[in-house]
Number of protein chains: 2
Amino acid sequence: MGRAVVVPLRKRALIDAAIAAIGERGSLDVTMSDIAGRAGVSSALAHHYFGAKDELLFATMRHLLSELGSDVRAALTKAAGPRARISAVVAVNFSAHQFRPEIIAAWLAFYVESQRSAPLRRLLRIYARRLHANLLSGFSALLPREEAERAAEATAALIDGLYIRRALKDGLPNSASAISLVEDFVEAKLSQAGVAR
Amino acid sequence: MGRAVVVPLRKRALIDAAIAAIGERGSLDVTMSDIAGRAGVSSALAHHYFGAKDELLFATMRHLLSELGSDVRAALTKAAGPRARISAVVAVNFSAHQFRPEIIAAWLAFYVESQRSAPLRRLLRIYARRLHANLLSGFSALLPREEAERAAEATAALIDGLYIRRALKDGLPNSASAISLVEDFVEAKLSQAGVAR
DNA sequence: CTTTATTGATTGATCAGTCAATGAACGGCT
DNA sequence: AGCCGTTCATTGACTGATCAATCAATAAAG
């Protein structure tokens, strides 16, 4: 029945379906049949393209990471000065593109799974390092080295914490309030250190 | 206040085994046989006492929550003044009793599961409200109402974020560094608002 | 003699992964 | 243009493993 389709299309459809399934269920405990069904294909085809479930999940996580990465890169090119770099990184993490329920739930699920899967852990470490480096590139121009390190660390943790709370639908009505909490924190840090603005 | 509910020996052993199993695996995806085996009994006995797996997991989460609750209560009675109350709450969350790898991993796993399970979600909401209320009771004596709300919200999120990062074994070598990050944040908030220390 | 504790064996359901079969495109070769 | 073989896409049906949950049986306690 199905007409000839380009290979990447099916893979892409399966990855999108995986994000949807994981996001809806809130964990990686989704079946290949469910994912394949959402993509409109049989589970056998998902195995054909990805080999094992692990690999599909890995590809899905990599896809999320790569989208976040390109969003961040785009935002950083538009940011003028260190203070703007910090805000750009924060804004992207809570942008409409990233701060969607299914994306958040998927991130949380991958965080958990990474405790068991070394490849996944490696992937998440890349994300963590990149986030830290991006924040640090802003802070280190405004604060002494040691303080900049700690500010970047705390900001990253705060972002993660707000993600969790969003996933649980506790408080945090929208992304604007999340951004303002982080920005307040950054301002507090900078004003404490007497940075002129 | 807390009436002491007598938990039968076997139930308690199974709950402890569940924490160990969940903590080691990093998710709730553990078998009844595994848990029962750790407790030195058959899986049939676990079903005898708890009925279904869900109920054992629920009881396990409740146990963790109740231990955290009593730790917090104990710390708060020793805290003199609002600033000390904030520090007490922070200190308990990162105390040697709470900030252990298996406990952290279990919390994270329950967070994820709560997206699917309404009873679990209810339980976690109790924890979130209590944490918020405890922090707020300190902040609201030091900051204007609106700012106190936001400071409590951000502090709670920061604590959650540090838990995640600890679970992933990214940075955060020990609980002391986590405490100092949170305390720095609190100080920044207060000094920004011009609170005398 | 009734109630509780405990187990091994079993059942039934769920799933990841495999496989053989079918079809659809592609590219020669006359 | 028509024919042929190779390769890729796709599926339904199947297998094997895993596990929650049940149950009937045994022992111990009171």
# chains A, B, ... in the order shown; residues from 1 in each chain; ligands from 1
>>> calpha_fit_rmsd(fixed="chain B", moving="chain A")
4.5 Å
>>> interface_residues(of="chain C", to="chain A", cutoff="10 Å", atoms="only C-alpha atoms (C1' of nucleotides)", output="ChimeraX atom specification")
/C:14-18,23-25
>>> interface_residues(of="chain A", to="chain B", cutoff="10 Å", atoms="only C-alpha atoms", output="VMD selection string")
chain A and resid 23 to 29 105 to 106 108 to 109 111 to 116 121 124 to 125 128 to 129 150 to 151 153 to 165 167 to 172 177 to 178 180 to 182 184 to 194
>>> select_by_dssp(residues="segment 35-134 of chain A", states="alpha helix (DSSP H)", output="mmCIF file with C-alpha atoms, in the first residue's frame")
data_model
loop_
_atom_site.group_PDB
_atom_site.id
_atom_site.type_symbol
_atom_site.label_atom_id
_atom_site.label_comp_id
_atom_site.auth_asym_id
_atom_site.auth_seq_id
_atom_site.Cartn_x
_atom_site.Cartn_y
_atom_site.Cartn_z
ATOM 1 C CA ILE A 35 5.364 4.284 19.079
ATOM 2 C CA ALA A 36 5.075 2.552 15.727
ATOM 3 C CA GLY A 37 1.302 2.841 15.813
ATOM 4 C CA ARG A 38 1.514 6.594 16.345
ATOM 5 C CA ALA A 39 3.845 6.813 13.376
ATOM 6 C CA SER A 43 6.340 -2.356 15.165
ATOM 7 C CA ALA A 44 8.407 -4.601 12.910
ATOM 8 C CA LEU A 45 9.312 -1.566 10.850
ATOM 9 C CA ALA A 46 10.537 0.302 13.884
ATOM 10 C CA HIS A 47 12.848 -2.604 14.576
ATOM 11 C CA HIS A 48 13.896 -2.639 10.946
ATOM 12 C CA TYR A 49 15.067 0.963 11.158
ATOM 13 C CA PHE A 50 16.436 1.133 14.651
ATOM 14 C CA LYS A 53 14.283 -0.155 21.336
ATOM 15 C CA ASP A 54 17.325 1.288 23.101
ATOM 16 C CA GLU A 55 18.580 2.698 19.861
ATOM 17 C CA LEU A 56 15.292 4.354 19.025
ATOM 18 C CA LEU A 57 15.205 5.945 22.458
ATOM 19 C CA PHE A 58 18.807 7.012 22.123
ATOM 20 C CA ALA A 59 18.107 8.587 18.740
ATOM 21 C CA THR A 60 15.106 10.339 20.252
ATOM 22 C CA MET A 61 17.157 11.836 23.058
ATOM 23 C CA ARG A 62 19.822 12.900 20.599
ATOM 24 C CA HIS A 63 17.157 14.594 18.532
ATOM 25 C CA LEU A 64 15.881 16.575 21.518
ATOM 26 C CA LEU A 65 19.421 17.561 22.421
ATOM 27 C CA SER A 66 20.235 18.661 18.927
ATOM 28 C CA GLU A 67 17.101 20.808 18.661
ATOM 29 C CA LEU A 68 17.878 22.476 21.962
ATOM 30 C CA GLY A 69 21.446 22.973 20.827
ATOM 31 C CA SER A 70 20.541 24.719 17.628
ATOM 32 C CA ASP A 71 17.994 26.910 19.423
ATOM 33 C CA VAL A 72 20.673 27.968 21.876
ATOM 34 C CA ARG A 73 23.197 28.642 19.145
ATOM 35 C CA ALA A 74 20.719 30.799 17.262
ATOM 36 C CA ALA A 75 19.841 32.797 20.361
ATOM 37 C CA LEU A 76 23.467 33.349 21.328
ATOM 38 C CA THR A 77 24.403 34.907 18.009
ATOM 39 C CA PRO A 82 27.634 38.870 28.637
ATOM 40 C CA ARG A 83 24.450 39.828 30.463
ATOM 41 C CA ALA A 84 22.442 39.270 27.303
ATOM 42 C CA ARG A 85 24.092 35.889 26.805
ATOM 43 C CA ILE A 86 22.814 34.719 30.156
ATOM 44 C CA SER A 87 19.299 35.870 29.357
ATOM 45 C CA ALA A 88 19.445 34.251 25.942
ATOM 46 C CA VAL A 89 20.331 30.853 27.394
ATOM 47 C CA VAL A 90 17.586 31.124 29.983
ATOM 48 C CA ALA A 91 15.029 32.259 27.446
ATOM 49 C CA VAL A 92 15.719 29.366 25.111
ATOM 50 C CA ASN A 93 15.318 26.779 27.847
ATOM 51 C CA PRO A 101 4.670 19.427 28.334
ATOM 52 C CA GLU A 102 5.706 16.469 26.218
ATOM 53 C CA ILE A 103 9.251 17.742 25.802
ATOM 54 C CA ILE A 104 9.619 18.373 29.504
ATOM 55 C CA ALA A 105 8.238 14.981 30.411
ATOM 56 C CA ALA A 106 10.582 13.343 27.934
ATOM 57 C CA TRP A 107 13.611 15.141 29.367
ATOM 58 C CA LEU A 108 12.717 14.033 32.841
ATOM 59 C CA ALA A 109 12.247 10.457 31.701
ATOM 60 C CA PHE A 110 15.627 10.478 29.980
ATOM 61 C CA TYR A 111 17.260 11.911 33.070
ATOM 62 C CA VAL A 112 15.994 8.969 35.044
ATOM 63 C CA GLU A 113 16.933 6.407 32.445
ATOM 64 C CA ALA A 118 25.850 4.788 29.921
ATOM 65 C CA PRO A 119 25.319 6.108 26.375
ATOM 66 C CA LEU A 120 22.369 8.169 27.540
ATOM 67 C CA ARG A 121 24.400 9.450 30.454
ATOM 68 C CA ARG A 122 27.127 10.535 28.083
ATOM 69 C CA LEU A 123 24.591 12.403 25.977
ATOM 70 C CA LEU A 124 23.121 14.208 28.962
ATOM 71 C CA ARG A 125 26.549 15.123 30.208
ATOM 72 C CA ILE A 126 27.156 16.868 26.916
ATOM 73 C CA TYR A 127 24.012 18.896 27.454
ATOM 74 C CA ALA A 128 24.984 19.730 31.032
ATOM 75 C CA ARG A 129 28.461 20.836 30.020
ATOM 76 C CA ARG A 130 27.153 22.964 27.207
ATOM 77 C CA LEU A 131 24.593 24.640 29.422
ATOM 78 C CA HIS A 132 27.245 25.301 32.045
ATOM 79 C CA ALA A 133 29.718 26.651 29.517
ATOM 80 C CA ASN A 134 27.143 28.957 27.954
#
>>> interface_residues(of="chain D", to="chain B", cutoff="10 Å", atoms="only C-alpha atoms (C1' of nucleotides)", output="PyMOL selection string")
chain D and resi 18-22
>>> write_last_selection(atoms="N, CA and C atoms (P, O5', C5', C4', C3', O3' and C1' of nucleotides)", output="JSON list (two decimals), in the first residue's frame")
[["chain", "number", "residue", "atom", "x", "y", "z"],
["D", 18, "DT", "P", 14.39, -13.71, 30.97],
["D", 18, "DT", "O5'", 13.31, -12.67, 31.53],
["D", 18, "DT", "C5'", 13.00, -11.52, 30.76],
["D", 18, "DT", "C4'", 11.77, -10.85, 31.32],
["D", 18, "DT", "C3'", 11.69, -10.92, 32.86],
["D", 18, "DT", "O3'", 11.44, -9.61, 33.32],
["D", 18, "DT", "C1'", 9.65, -11.63, 31.88],
["D", 19, "DC", "P", 11.85, -9.23, 34.87],
["D", 19, "DC", "O5'", 10.40, -9.12, 35.51],
["D", 19, "DC", "C5'", 9.36, -8.95, 34.60],
["D", 19, "DC", "C4'", 8.01, -8.82, 35.18],
["D", 19, "DC", "C3'", 7.87, -8.99, 36.69],
["D", 19, "DC", "O3'", 6.89, -8.08, 37.12],
["D", 19, "DC", "C1'", 6.58, -10.63, 35.57],
["D", 20, "DA", "P", 6.85, -7.57, 38.67],
["D", 20, "DA", "O5'", 5.30, -7.44, 38.95],
["D", 20, "DA", "C5'", 4.51, -6.67, 38.05],
["D", 20, "DA", "C4'", 3.10, -7.21, 38.01],
["D", 20, "DA", "C3'", 2.39, -7.30, 39.35],
["D", 20, "DA", "O3'", 1.05, -6.88, 39.18],
["D", 20, "DA", "C1'", 2.47, -9.45, 38.37],
["D", 21, "DA", "P", 0.16, -6.56, 40.49],
["D", 21, "DA", "O5'", -0.63, -7.94, 40.64],
["D", 21, "DA", "C5'", -1.34, -8.43, 39.51],
["D", 21, "DA", "C4'", -1.81, -9.85, 39.79],
["D", 21, "DA", "C3'", -2.32, -10.10, 41.21],
["D", 21, "DA", "O3'", -3.67, -10.55, 41.12],
["D", 21, "DA", "C1'", -0.86, -11.83, 40.52],
["D", 22, "DT", "P", -4.48, -11.01, 42.43],
["D", 22, "DT", "O5'", -4.45, -12.59, 42.29],
["D", 22, "DT", "C5'", -4.70, -13.17, 41.01],
["D", 22, "DT", "C4'", -4.73, -14.70, 41.14],
["D", 22, "DT", "C3'", -5.43, -15.23, 42.39],
["D", 22, "DT", "O3'", -6.29, -16.29, 41.98],
["D", 22, "DT", "C1'", -3.26, -16.13, 42.25]]
>>> residues_around(residues="DG28 of chain C", least_positions_apart="2", cutoff="10 Å", atoms="only C-alpha atoms (C1' of nucleotides)", output="MDAnalysis selection string")
(chainID C and resid 26 30) or (chainID D and resid 4:5)
>>> atom_distance(atom1="atom CA of Ser42 of chain A", atom2="atom CA of Ile22 of chain A")
17.9 Å
>>> residues_around(residues="DA29 of chain D", least_positions_apart="5", cutoff="12 Å", atoms="only C-alpha atoms (C1' of nucleotides)", output="PyMOL selection string")
chain C and resi 1-5
>>> atom_distance(atom1="atom CA of Pro173 of chain B", atom2="atom CA of Ile19 of chain B")
22.4 Å
>>> atom_distance(atom1="atom CA of Leu14 of chain A", atom2="atom CA of Val30 of chain A")
12.8 Å
